[in-house]
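Just below is one structure, and these are the notes that go with it.
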Amino acid sequence: MDVNTGQEFGLQSVARDSATDAPSDTHKKMEDDRKSDYGSSQLFKSSGSLNSVILEETSSVSFRSALRMNSKSAELKLLSRSSNIQMNNSILSDFTINKFNIKSMGLIGREREIETLKSCYKRMVEEGKERTLCGQYISTQSLVQATVHKELVFINGYSGVGKSSLARTLEKEINSRKDGIYVEGKFDFNASNEPYSGIASAFAELSKRLLNRQDQTNKNTNTGDDSLSFRSRLSAALGPSASLLSNFMPELQSILPSMSSVSSDGEQYDFNVVQKRVKYAFRVLMRALNAEFSSIALVLDDLQWADMSSLEAIDFLISDVQNPNALMIVGCYRSNEVDDQSLLFKKVQSLLKKKDKFNFHTTDIAVGSCDIDSVNKMIMAMMSIDDEERTRGLAEVCFKRTDGNPFFLIEFMKMLQDAGLISYNLGLLKWVWDEDRIADATMSADNVVDLLQMRMRKMPASVQLLLQYAACLGSSFSAATLDLIWREQSVMSAEYNAGTIGNLLALVVSSHFVEARGEDEYQWVHDKVQEAALSLSDIVTPEFQFQIGSTLYHLLDANDLEERLFDVVDLINKQRVSKRPEFALLNLRAAEKAKKVSAFQSAAMYAANGIDFLPSNTWATQRSLTLALYTIGSEVELALGHGESAEIYSNEVLNRKECTRMEAFPLKMAKGLKMCTIDLKFKETIAMILDLLKELGVNLLWSRATIPLQAITTLIRTIKMAKKAPAPNDIFEKLGPMKDPKHLAAMLLLPRLGYACLRTEEVFLNILSTCKIVEMTLKYGICDVSSPGFTSLGAAVVAVQKDYKIAAYFAEIGLAMQQASRASREAESSYIAHAYCLAWSRPLQYCLAPAADGYAAGMRSGDTVYAMWNLFQHHIWLPYAMGKRLGSILDQFPELRSQMEELSLSEQGNNLKMYWQMILNLATTPTLEDSHRLEGTVFSAGGFNSDGAVDMATIHLCQGELLVFYDIEAAAKRAIKDGDKFEKLTPSIFLIMIETFHRAIALFAMARRTRKRKYRSTANKLAKRIEGWVRCGNPNVGHYHLALLAEQAALNKKYDLAEENYKNATVMAARSGHMHHAALINERYAEFLIEEQSDEQESKYRLGEAIRFYEEWGAFGKVEALKKLL
């Protein structure tokens, strides 16, 4: 612990219970160490007569100090010897003038560092005031773009220089401001395998303090229970993610006692999904908590011991562009324990590279040792002396001995007082010392652990033993847990007495080795104190720690063991000399728990340790346990990218003759996933999955030559079967869940097959995969992939049969399955259902909210690909198709780009740039002559090469949109050349509607200008297609139909009918909010009036209306082009 925490060393001791000092072998050994405490110390010189006198005096003082509260007369005699003053014992017991006043020290010599830290906080708060309402709750569904700067501060330096104390200066600053909060979390060097330990404790404290604050508010105001309101907001924000976080934050269960979870049959094989789920869960929790305060300062101490998962969590939180509230993360670490190969160093470098992109500030504060002037001021403060010259000589000696380290200085001064080298003269009423004597008697305190152990060895043997037990429990511990160990170990030597632990803990607290942090919780005042306790004697061996872990394993109840699982397993793993299946099972539990929260490094370690505990004949005696350990070992090594290690584990299982197909399946599935997602070997993945399906009894293909015929035949058959399915509201109850392991295994493989097929343009094989999912669902029951299977079948119906009613029905079945089963594929199901099925028969406005929900669901479940397609739909496609203002769409692009880059979604990132450039060309007027080309600062079609269907479709659409508005003749020529290219590349998607309409407008324009048949006939075909949509009940294309009727009438010289339809089309477009089409139709009407009617006045009016609507839409590039015509 750093300087400020050391201030607690000034408190008086409490009475010791001599009854706790009953001897044992361990105690006797420790008592011998105590009696020779200074004799073996490296802090005192070992030669010279003066040294002998000092050691003799030290022995006397040490003995009397040990009995200070138990025998007050001893202390009285000691003090009286130098002052010749006799005092009443009761008065002396309350006397503090003869003790160092560490409380008054504060942080001396750190003014510059304090100011830097406070300025970071002030900058964050002030910028936050300018950008957002303090405390405003932003739900995950509102998708509000956050522009508030966040602060990431790293404080580094050697142990004891005051890093933690410097960070705590923020607490006073924050408390002086309304509605801010400061919380701490600490990592433990003895539990570096435990995932998220420091962060989890900080979040737990944050949640508890929030609830306590709201409870207090309720009492003071006599209002309703606001904590219930917070719980409901937090529950709504987290959703199923709450159960995920509760794996390492059990406190959430008390805050949110009712927590749902998202089931996922295939999640155990898709490690990227698990990581993304955890990432999103952390962010949502922070957003929900952050929204309750104007600012949060999260201080994480001893980052040099943080696991990789915790470092990733810091990244998740600070780079969250959707958190609009003020957040400051302060990380403290020992600079001498972090090199350029450490995890922390690499993470810091990564964060520095992304700070501008994700809009947060970074600050590095290096804290060094104090100079001699600061050391002098500290000593003056400790001894309440105002004359700096009087303490100068002492300060010079202390500076040389401690190198200006504040924590070392405090312990060194205590050692000097205990040794009698500094004392308070009650006759003179001042501190006295001999600088030369101190200089001669002491050596440099290079290691504060030595100083601490000198104090510890002066304690009774029972206290020393207790300190060592406690040190094994981590940076914090409960009295109840410590009592379990103490009772078990003491009973064996008949030393345990009721109440002993309380007395000993009181003594340890009064000696300022630990401090209370709650009714039953304690923590070390500094990690160096814990380190000193661990190495206090040679009894803390791996066997000693193993025995403590074993004791906890056998004595903790099930709930407490689950909560402290990582701590217990880490202690047990200190020694693995015996083959203990029960401890192998315990490691398996730890590996599974770590894997659930994507702490794959820890999971791999626990799996390996569990295997070490297995007996030699394990496959014969512990088959299930052995299989589970090797399987999870292979899976998590694969998740870490360690292919060779994963292969070793995998082969141990697969090479066994008795291994069944279902036992081998998880390993083969994981291998296939690696082949598909990491190695990107899609053709090999298809071959492997087809073989696995055969092993499971699913023969998907007749033969390669007949795939097209088989796909069409199967599709027709599956559609007929699906039409007979139960109604959406009844389907889950009537079909029930799928239970057969082989069927579930096959259903896991089919979506992987479909994904690989899309990447290799195996369209017909993809159709067969979709049909098989639907047929198996109808025959065997519902599973995780049933919902997207049915929505995909609906999309196939749109593409092949154009039966929009049946497609909508299948989509509704899929969504009903999703809602009932709460499966993890909500984002995928919702996206396919609305973008490919329901948009053809429902208003586009209806699809906005589901797109937002689909985004949130995808982020929660880790399905970031479909989450971002939902976000595309919500932010770009639907607003553009509905004619919403271009400016509001443009505002979304920076946030979307940040998310795409963060999630490494290159395909979607490229598509984003295409739409971005298209809208920029419409909204701005840099060079009108280039506006019709998809070229610019964001994206250049000419310099982009891709043969991906999605990329080609998006370029085609964006280029076509620009041509319609800027070069309608070129648009018409392109329409003749390319035909239905967009629909062929992306069949069924609702954007086909606007693309078809704009092609038809361009073709009619050229038909009227050139009177060529090819334009007329193609335009009429498209007009008929759109008329068919209207007849099928499509509510989005009414003004399309009227506009094309007007174009047809104008082409056929039915001018009155043309005018009527133009007017009706413009009115319908304007009333429905389609500003772009109100503008385009008015533009076409103006051309008709001037060319066919020679009505210049009315033509100018309609052109003016077109300009007005284009301005309202935000297409200022088009406005400038039209103004030239006026």
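Lettering and numbering for the structure tokens are positional, with chains as A, B, ... in the shown order, residues counted from 1 in each chain, and ligands counted from 1 in the shown order.
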
*asked:* as an MDAnalysis selection string, please: the residues near range 519-528 of chain A (cut-off 10 Å, only C-alpha atoms, same-chain neighbours under 3 positions excluded).
replied: chainID A and resid 1:3 5:6 8:9 159:160 164 186:189 302 407 447:449 452 470:471 474:481 505 509 512:516 531:534

Prev. selection, N, CA and C atoms, output as a compact mmCIF listing (two decimals), in the first residue's frame:
```txt
# COMPACT_ATOMS: atom_id res chain seq x y z
N MET A 1 0.84 -1.19 0.00
CA MET A 1 0.00 0.00 0.00
C MET A 1 0.87 1.24 0.00
N ASP A 2 0.42 2.35 -0.51
CA ASP A 2 1.23 3.53 -0.67
C ASP A 2 1.04 4.49 0.50
N VAL A 3 1.49 5.72 0.32
CA VAL A 3 1.66 6.64 1.43
C VAL A 3 0.40 6.86 2.24
N THR A 5 -2.30 5.22 2.74
CA THR A 5 -2.76 4.08 3.51
C THR A 5 -1.89 3.90 4.74
N GLY A 6 -0.64 4.24 4.61
CA GLY A 6 0.27 4.13 5.72
C GLY A 6 -0.11 5.01 6.89
N GLU A 8 -2.66 4.99 8.55
CA GLU A 8 -3.33 4.21 9.57
C GLU A 8 -2.35 3.64 10.59
N PHE A 9 -1.04 3.65 10.29
CA PHE A 9 -0.07 3.10 11.23
C PHE A 9 -0.01 3.91 12.52
N SER A 159 7.14 -0.07 -6.21
CA SER A 159 6.27 -0.33 -5.07
C SER A 159 6.61 0.62 -3.93
N GLY A 160 5.56 1.21 -3.33
CA GLY A 160 5.74 2.06 -2.17
C GLY A 160 5.92 3.53 -2.45
N SER A 164 -1.02 4.29 -5.44
CA SER A 164 -2.41 4.13 -5.00
C SER A 164 -2.90 5.37 -4.27
N LYS A 186 -8.64 -4.21 -7.12
CA LYS A 186 -7.22 -4.54 -6.93
C LYS A 186 -6.94 -5.95 -7.41
N PHE A 187 -5.83 -6.12 -8.10
CA PHE A 187 -5.41 -7.44 -8.56
C PHE A 187 -4.41 -8.04 -7.56
N ASP A 188 -4.43 -9.35 -7.48
CA ASP A 188 -3.66 -10.06 -6.46
C ASP A 188 -2.57 -10.90 -7.13
N PHE A 189 -1.33 -10.73 -6.68
CA PHE A 189 -0.23 -11.50 -7.28
C PHE A 189 -0.36 -12.99 -7.00
N ASP A 302 -2.44 -2.41 -9.11
CA ASP A 302 -1.56 -3.56 -9.38
C ASP A 302 -1.90 -4.25 -10.70
N PHE A 407 6.72 4.64 1.42
CA PHE A 407 6.29 3.51 2.24
C PHE A 407 7.48 2.92 2.99
N ASN A 447 14.77 -3.36 0.79
CA ASN A 447 13.57 -4.18 0.67
C ASN A 447 12.67 -3.93 1.87
N VAL A 448 11.54 -3.31 1.64
CA VAL A 448 10.62 -3.00 2.73
C VAL A 448 10.06 -4.26 3.36
N VAL A 449 10.11 -5.38 2.62
CA VAL A 449 9.64 -6.65 3.17
C VAL A 449 10.43 -7.00 4.42
N LEU A 452 9.07 -4.98 7.30
CA LEU A 452 7.77 -5.49 7.73
C LEU A 452 7.90 -6.79 8.49
N ALA A 470 -3.68 -15.95 6.31
CA ALA A 470 -4.42 -14.90 5.60
C ALA A 470 -3.76 -14.53 4.28
N ALA A 471 -2.43 -14.53 4.26
CA ALA A 471 -1.72 -14.17 3.04
C ALA A 471 -2.01 -15.14 1.91
N GLY A 474 -5.29 -14.34 -0.38
CA GLY A 474 -5.37 -13.29 -1.40
C GLY A 474 -5.29 -11.90 -0.81
N SER A 475 -5.56 -10.91 -1.65
CA SER A 475 -5.45 -9.52 -1.23
C SER A 475 -6.55 -9.11 -0.27
N SER A 476 -7.63 -9.88 -0.24
CA SER A 476 -8.71 -9.64 0.72
C SER A 476 -9.24 -11.00 1.17
N PHE A 477 -9.88 -11.02 2.32
CA PHE A 477 -10.39 -12.27 2.85
C PHE A 477 -11.47 -11.97 3.87
N SER A 478 -12.26 -12.98 4.19
CA SER A 478 -13.30 -12.83 5.21
C SER A 478 -12.85 -13.50 6.49
N ALA A 479 -13.35 -12.99 7.60
CA ALA A 479 -13.04 -13.58 8.89
C ALA A 479 -13.57 -15.00 8.98
N ALA A 480 -14.72 -15.23 8.36
CA ALA A 480 -15.33 -16.55 8.41
C ALA A 480 -14.45 -17.59 7.71
N THR A 481 -13.92 -17.23 6.55
CA THR A 481 -13.05 -18.16 5.83
C THR A 481 -11.76 -18.42 6.60
N LEU A 505 -7.46 -11.11 14.97
CA LEU A 505 -7.69 -10.14 13.90
C LEU A 505 -7.66 -8.71 14.41
N VAL A 509 -5.19 -5.92 12.98
CA VAL A 509 -5.69 -4.63 12.48
C VAL A 509 -5.01 -3.48 13.23
N HIS A 512 -1.79 -2.64 12.07
CA HIS A 512 -1.80 -2.02 10.75
C HIS A 512 -1.17 -2.87 9.66
N PHE A 513 -1.39 -4.19 9.78
CA PHE A 513 -1.03 -5.09 8.70
C PHE A 513 -2.22 -5.29 7.75
N VAL A 514 -3.40 -5.35 8.31
CA VAL A 514 -4.62 -5.43 7.51
C VAL A 514 -5.58 -4.36 7.99
N GLU A 515 -6.62 -4.11 7.19
CA GLU A 515 -7.65 -3.15 7.57
C GLU A 515 -9.01 -3.71 7.24
N ALA A 516 -9.99 -3.34 8.05
CA ALA A 516 -11.36 -3.81 7.84
C ALA A 516 -11.96 -3.08 6.66
N GLU A 531 3.00 -9.82 0.88
CA GLU A 531 4.22 -10.49 0.42
C GLU A 531 5.13 -10.83 1.59
N ALA A 532 5.24 -9.91 2.55
CA ALA A 532 6.07 -10.16 3.72
C ALA A 532 5.52 -11.31 4.55
N ALA A 533 4.20 -11.37 4.69
CA ALA A 533 3.58 -12.44 5.46
C ALA A 533 3.80 -13.80 4.80
N LEU A 534 3.73 -13.83 3.47
CA LEU A 534 3.90 -15.09 2.75
C LEU A 534 5.30 -15.67 2.94
```

*Close residues, range 978-994 of chain A itself excluded, 7 Å, only C-alpha atoms, min 6 positions apart in chain, as a PyMOL selection string*: chain A and resi 795+798-799+835-836+839-840+881+949+953+956-957

Can I get the selected residues back with N, CA, C and O atoms, as a PDB file, in the first residue's frame?
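For reference, selection.pdb as written:
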```
ATOM      1  N   ALA A 795     -37.217 -16.238 -46.984  1.00  0.00           N
ATOM      2  CA  ALA A 795     -36.452 -15.477 -47.969  1.00  0.00           C
ATOM      3  C   ALA A 795     -36.353 -16.239 -49.282  1.00  0.00           C
ATOM      4  O   ALA A 795     -36.422 -15.645 -50.377  1.00  0.00           O
ATOM      5  N   VAL A 798     -39.543 -15.761 -51.223  1.00  0.00           N
ATOM      6  CA  VAL A 798     -39.570 -14.464 -51.912  1.00  0.00           C
ATOM      7  C   VAL A 798     -38.772 -14.539 -53.201  1.00  0.00           C
ATOM      8  O   VAL A 798     -39.200 -14.060 -54.261  1.00  0.00           O
ATOM      9  N   ALA A 799     -37.597 -15.146 -53.140  1.00  0.00           N
ATOM     10  CA  ALA A 799     -36.709 -15.195 -54.300  1.00  0.00           C
ATOM     11  C   ALA A 799     -37.242 -16.086 -55.410  1.00  0.00           C
ATOM     12  O   ALA A 799     -37.156 -15.730 -56.599  1.00  0.00           O
ATOM     13  N   ALA A 835     -35.695  -7.889 -43.215  1.00  0.00           N
ATOM     14  CA  ALA A 835     -35.067  -7.356 -44.423  1.00  0.00           C
ATOM     15  C   ALA A 835     -35.407  -8.158 -45.667  1.00  0.00           C
ATOM     16  O   ALA A 835     -35.436  -7.611 -46.773  1.00  0.00           O
ATOM     17  N   TYR A 836     -35.728  -9.444 -45.503  1.00  0.00           N
ATOM     18  CA  TYR A 836     -35.932 -10.312 -46.662  1.00  0.00           C
ATOM     19  C   TYR A 836     -37.366 -10.818 -46.807  1.00  0.00           C
ATOM     20  O   TYR A 836     -37.723 -11.309 -47.872  1.00  0.00           O
ATOM     21  N   ALA A 839     -40.622  -6.970 -44.944  1.00  0.00           N
ATOM     22  CA  ALA A 839     -40.610  -5.650 -45.590  1.00  0.00           C
ATOM     23  C   ALA A 839     -41.392  -5.646 -46.896  1.00  0.00           C
ATOM     24  O   ALA A 839     -41.788  -4.581 -47.384  1.00  0.00           O
ATOM     25  N   TRP A 840     -41.645  -6.816 -47.451  1.00  0.00           N
ATOM     26  CA  TRP A 840     -42.406  -6.901 -48.702  1.00  0.00           C
ATOM     27  C   TRP A 840     -43.918  -6.804 -48.465  1.00  0.00           C
ATOM     28  O   TRP A 840     -44.672  -6.600 -49.426  1.00  0.00           O
ATOM     29  N   ALA A 881     -34.238   4.357 -47.866  1.00  0.00           N
ATOM     30  CA  ALA A 881     -35.379   3.912 -48.659  1.00  0.00           C
ATOM     31  C   ALA A 881     -36.634   4.723 -48.345  1.00  0.00           C
ATOM     32  O   ALA A 881     -37.479   4.933 -49.212  1.00  0.00           O
ATOM     33  N   ALA A 949     -20.110 -11.410 -53.493  1.00  0.00           N
ATOM     34  CA  ALA A 949     -21.462 -11.056 -53.941  1.00  0.00           C
ATOM     35  C   ALA A 949     -21.972  -9.805 -53.250  1.00  0.00           C
ATOM     36  O   ALA A 949     -22.576  -8.925 -53.884  1.00  0.00           O
ATOM     37  N   ALA A 953     -22.811  -6.304 -55.152  1.00  0.00           N
ATOM     38  CA  ALA A 953     -24.191  -5.823 -55.104  1.00  0.00           C
ATOM     39  C   ALA A 953     -24.251  -4.394 -54.576  1.00  0.00           C
ATOM     40  O   ALA A 953     -24.990  -3.542 -55.100  1.00  0.00           O
ATOM     41  N   HIS A 956     -22.937  -1.886 -57.086  1.00  0.00           N
ATOM     42  CA  HIS A 956     -23.925  -1.741 -58.156  1.00  0.00           C
ATOM     43  C   HIS A 956     -25.074  -0.841 -57.704  1.00  0.00           C
ATOM     44  O   HIS A 956     -25.510   0.046 -58.454  1.00  0.00           O
ATOM     45  N   LEU A 957     -25.569  -1.056 -56.517  1.00  0.00           N
ATOM     46  CA  LEU A 957     -26.685  -0.247 -56.018  1.00  0.00           C
ATOM     47  C   LEU A 957     -26.281   1.213 -55.848  1.00  0.00           C
ATOM     48  O   LEU A 957     -26.991   2.122 -56.306  1.00  0.00           O
TER      49      LEU A 957
END
```

*Best match for closeness to Pro406 in chain A among A:Thr631, A:Gln468, A:Ser165, A:Gln818, counting only C-alpha atoms*: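 Closest residue, counting only C-alpha atoms: A:Ser165.
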
*Which polymer residues have any atom within 9 Å of an atom of Trp1113 in chain A, counting only C-alpha atoms, with same-chain residues fewer than 2 positions away left out, as a list in words?*
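Once the nearby chain positions are removed, what remains is Gly883, Lys884, Arg885, Leu886, Gly887, Ala923, His1074, Met1075, His1076, Ala1079, Arg1108, Phe1109, Tyr1110, Glu1111, Ala1115 and Phe1116 of chain A.
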
Store the residues picked out above, limited to C-alpha atoms, as a PDB file, in the first residue's frame.
```pdb
ATOM      1  CA  GLY A 883     -36.411   9.266 -47.802  1.00  0.00           C
ATOM      2  CA  LYS A 884     -35.193  10.436 -44.400  1.00  0.00           C
ATOM      3  CA  ARG A 885     -32.819  13.387 -44.247  1.00  0.00           C
ATOM      4  CA  LEU A 886     -29.373  12.562 -45.576  1.00  0.00           C
ATOM      5  CA  GLY A 887     -27.699  14.623 -42.873  1.00  0.00           C
ATOM      6  CA  ALA A 923     -25.307  15.749 -49.873  1.00  0.00           C
ATOM      7  CA  HIS A1074     -40.473  10.030 -49.057  1.00  0.00           C
ATOM      8  CA  MET A1075     -38.734  13.370 -49.694  1.00  0.00           C
ATOM      9  CA  HIS A1076     -36.359  11.939 -52.269  1.00  0.00           C
ATOM     10  CA  ALA A1079     -38.370  15.513 -55.423  1.00  0.00           C
ATOM     11  CA  ARG A1108     -37.473  22.305 -52.257  1.00  0.00           C
ATOM     12  CA  PHE A1109     -37.894  18.598 -51.614  1.00  0.00           C
ATOM     13  CA  TYR A1110     -34.267  17.865 -52.503  1.00  0.00           C
ATOM     14  CA  GLU A1111     -33.195  20.568 -50.038  1.00  0.00           C
ATOM     15  CA  ALA A1115     -29.305  16.376 -51.428  1.00  0.00           C
ATOM     16  CA  PHE A1116     -27.518  19.688 -51.875  1.00  0.00           C
TER      17      PHE A1116
END
```

*Mind the document's chain letters and residue numbers, and return as a PyMOL selection string the residues of range 762-877 of chain A that DSSP labels alpha helix (DSSP H).*
chain A and resi 763-780+786-800+804-821+826-832+848-861+864-872

*asked:* Between CA of Glu488 in chain A and CA of Ser550 in chain A, what is the distance in Å, rounded to a tenth?
replied: 10.9 Å

*Quick one, how far is CA of Lys400 in chain A from CA of Ser510 in chain A?*
29.5 Å

_Need the shell around Lys347 in chain A: protein/DNA/RNA residues with any atom at most 8 Å away, counting only C-alpha atoms. Skip same-chain ones fewer than 3 positions apart. Format as an MDAnalysis selection string?_
chainID A and resid 311:312 343:344 350:351

Write a file of the just-selected residues containing C-alpha atoms, as a PDB file, in the first residue's frame.
```pdb
ATOM      1  CA  LEU A 311      -6.885  -6.105 -19.701  1.00  0.00           C
ATOM      2  CA  GLU A 312      -9.297  -6.801 -22.536  1.00  0.00           C
ATOM      3  CA  LEU A 343       0.756  -8.477 -21.448  1.00  0.00           C
ATOM      4  CA  LEU A 344       0.227  -5.074 -19.847  1.00  0.00           C
ATOM      5  CA  SER A 350      -2.550  -1.091 -28.341  1.00  0.00           C
ATOM      6  CA  LEU A 351      -4.688   1.429 -26.453  1.00  0.00           C
TER       7      LEU A 351
END
```

*Exercise: Leu629 in chain A partners within 7 Å, only C-alpha atoms, chain neighbours under 3 positions left out, as a ChimeraX atom specification*: /A:588,607,610-611,625-626,632-633

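Remark: for Met817 in chain A, the closest of the candidate residues A:Ser786, A:Ser703, A:Ser841, A:Gln892 is A:Ser786 (distances computed over only C-alpha atoms).
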
*asked:* One number please: CA of Ala1046 in chain A to CA of Thr954 in chain A, in Å, one decimal.
replied: 29.4 Å

*Taking the chain letters and numbering used in this document, name the residues of range 236-461 of chain A that DSSP puts in strand (DSSP E), as a ChimeraX atom specification.*
/A:295-301,326-334,360-366,422-425,430-433

*Considering only C-alpha atoms, return as a ChimeraX atom specification whatever protein or nucleic-acid residues lie within 10 Å of range 1097-1100 of chain A, sequence-local ones (same chain, fewer than 2 positions apart) excluded.*
/A:1082-1091,1093-1095,1102-1106,1125-1126

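Using only C-alpha atoms, the shortest contact distance between Val636 in chain A and any of A:Ala306, A:Ile422, A:Val274, A:Ala971 is found at A:Val274.
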
*Could you check which of A:Ser537, A:Ser578, A:Asn405, A:Ser650 is closest to Glu663 in chain A, using only C-alpha atoms?*
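Nearest candidate to Glu663 in chain A out of A:Ser537, A:Ser578, A:Asn405, A:Ser650: A:Ser650.
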
Report as JSON lines the residues of range 448-529 of chain A within 8 Å of range 553-573 of chain A, each with its shortest atom pair and distance in Å (one decimal), using only C-alpha atoms, ordered by chain and increasing residue number.
```
{"residue": "A:Cys472", "atom": "CA", "partner": "A:Leu571", "partner_atom": "CA", "distance": 7.7}
{"residue": "A:Leu473", "atom": "CA", "partner": "A:Asp567", "partner_atom": "CA", "distance": 7.2}
{"residue": "A:Gly474", "atom": "CA", "partner": "A:Asp567", "partner_atom": "CA", "distance": 7.8}
{"residue": "A:Leu484", "atom": "CA", "partner": "A:Leu555", "partner_atom": "CA", "distance": 7.2}
```

Could the residues in this selection be written to a file with all heavy atoms, as a CSV table (one decimal), in the first residue's frame?
```csv
chain,number,residue,atom,x,y,z
A,472,CYS,N,-2.3,-16.4,2.3
A,472,CYS,CA,-2.6,-17.4,1.2
A,472,CYS,C,-4.0,-17.2,0.6
A,472,CYS,O,-4.3,-17.7,-0.4
A,472,CYS,CB,-2.5,-18.8,1.8
A,472,CYS,SG,-0.8,-19.3,2.3
A,473,LEU,N,-4.8,-16.4,1.3
A,473,LEU,CA,-6.2,-16.2,0.8
A,473,LEU,C,-6.3,-15.1,-0.2
A,473,LEU,O,-7.4,-14.9,-0.7
A,473,LEU,CB,-7.1,-16.0,2.0
A,473,LEU,CG,-7.2,-17.1,3.0
A,473,LEU,CD1,-8.2,-16.8,4.2
A,473,LEU,CD2,-7.7,-18.4,2.3
A,474,GLY,N,-5.3,-14.3,-0.4
A,474,GLY,CA,-5.4,-13.3,-1.4
A,474,GLY,C,-5.3,-11.9,-0.8
A,474,GLY,O,-5.0,-11.7,0.4
A,484,LEU,N,-12.3,-20.8,9.4
A,484,LEU,CA,-12.4,-22.2,9.0
A,484,LEU,C,-11.0,-22.8,9.0
A,484,LEU,O,-10.8,-23.9,9.5
A,484,LEU,CB,-13.0,-22.3,7.6
A,484,LEU,CG,-14.5,-22.2,7.4
A,484,LEU,CD1,-14.9,-22.3,6.0
A,484,LEU,CD2,-15.2,-23.4,8.2
```
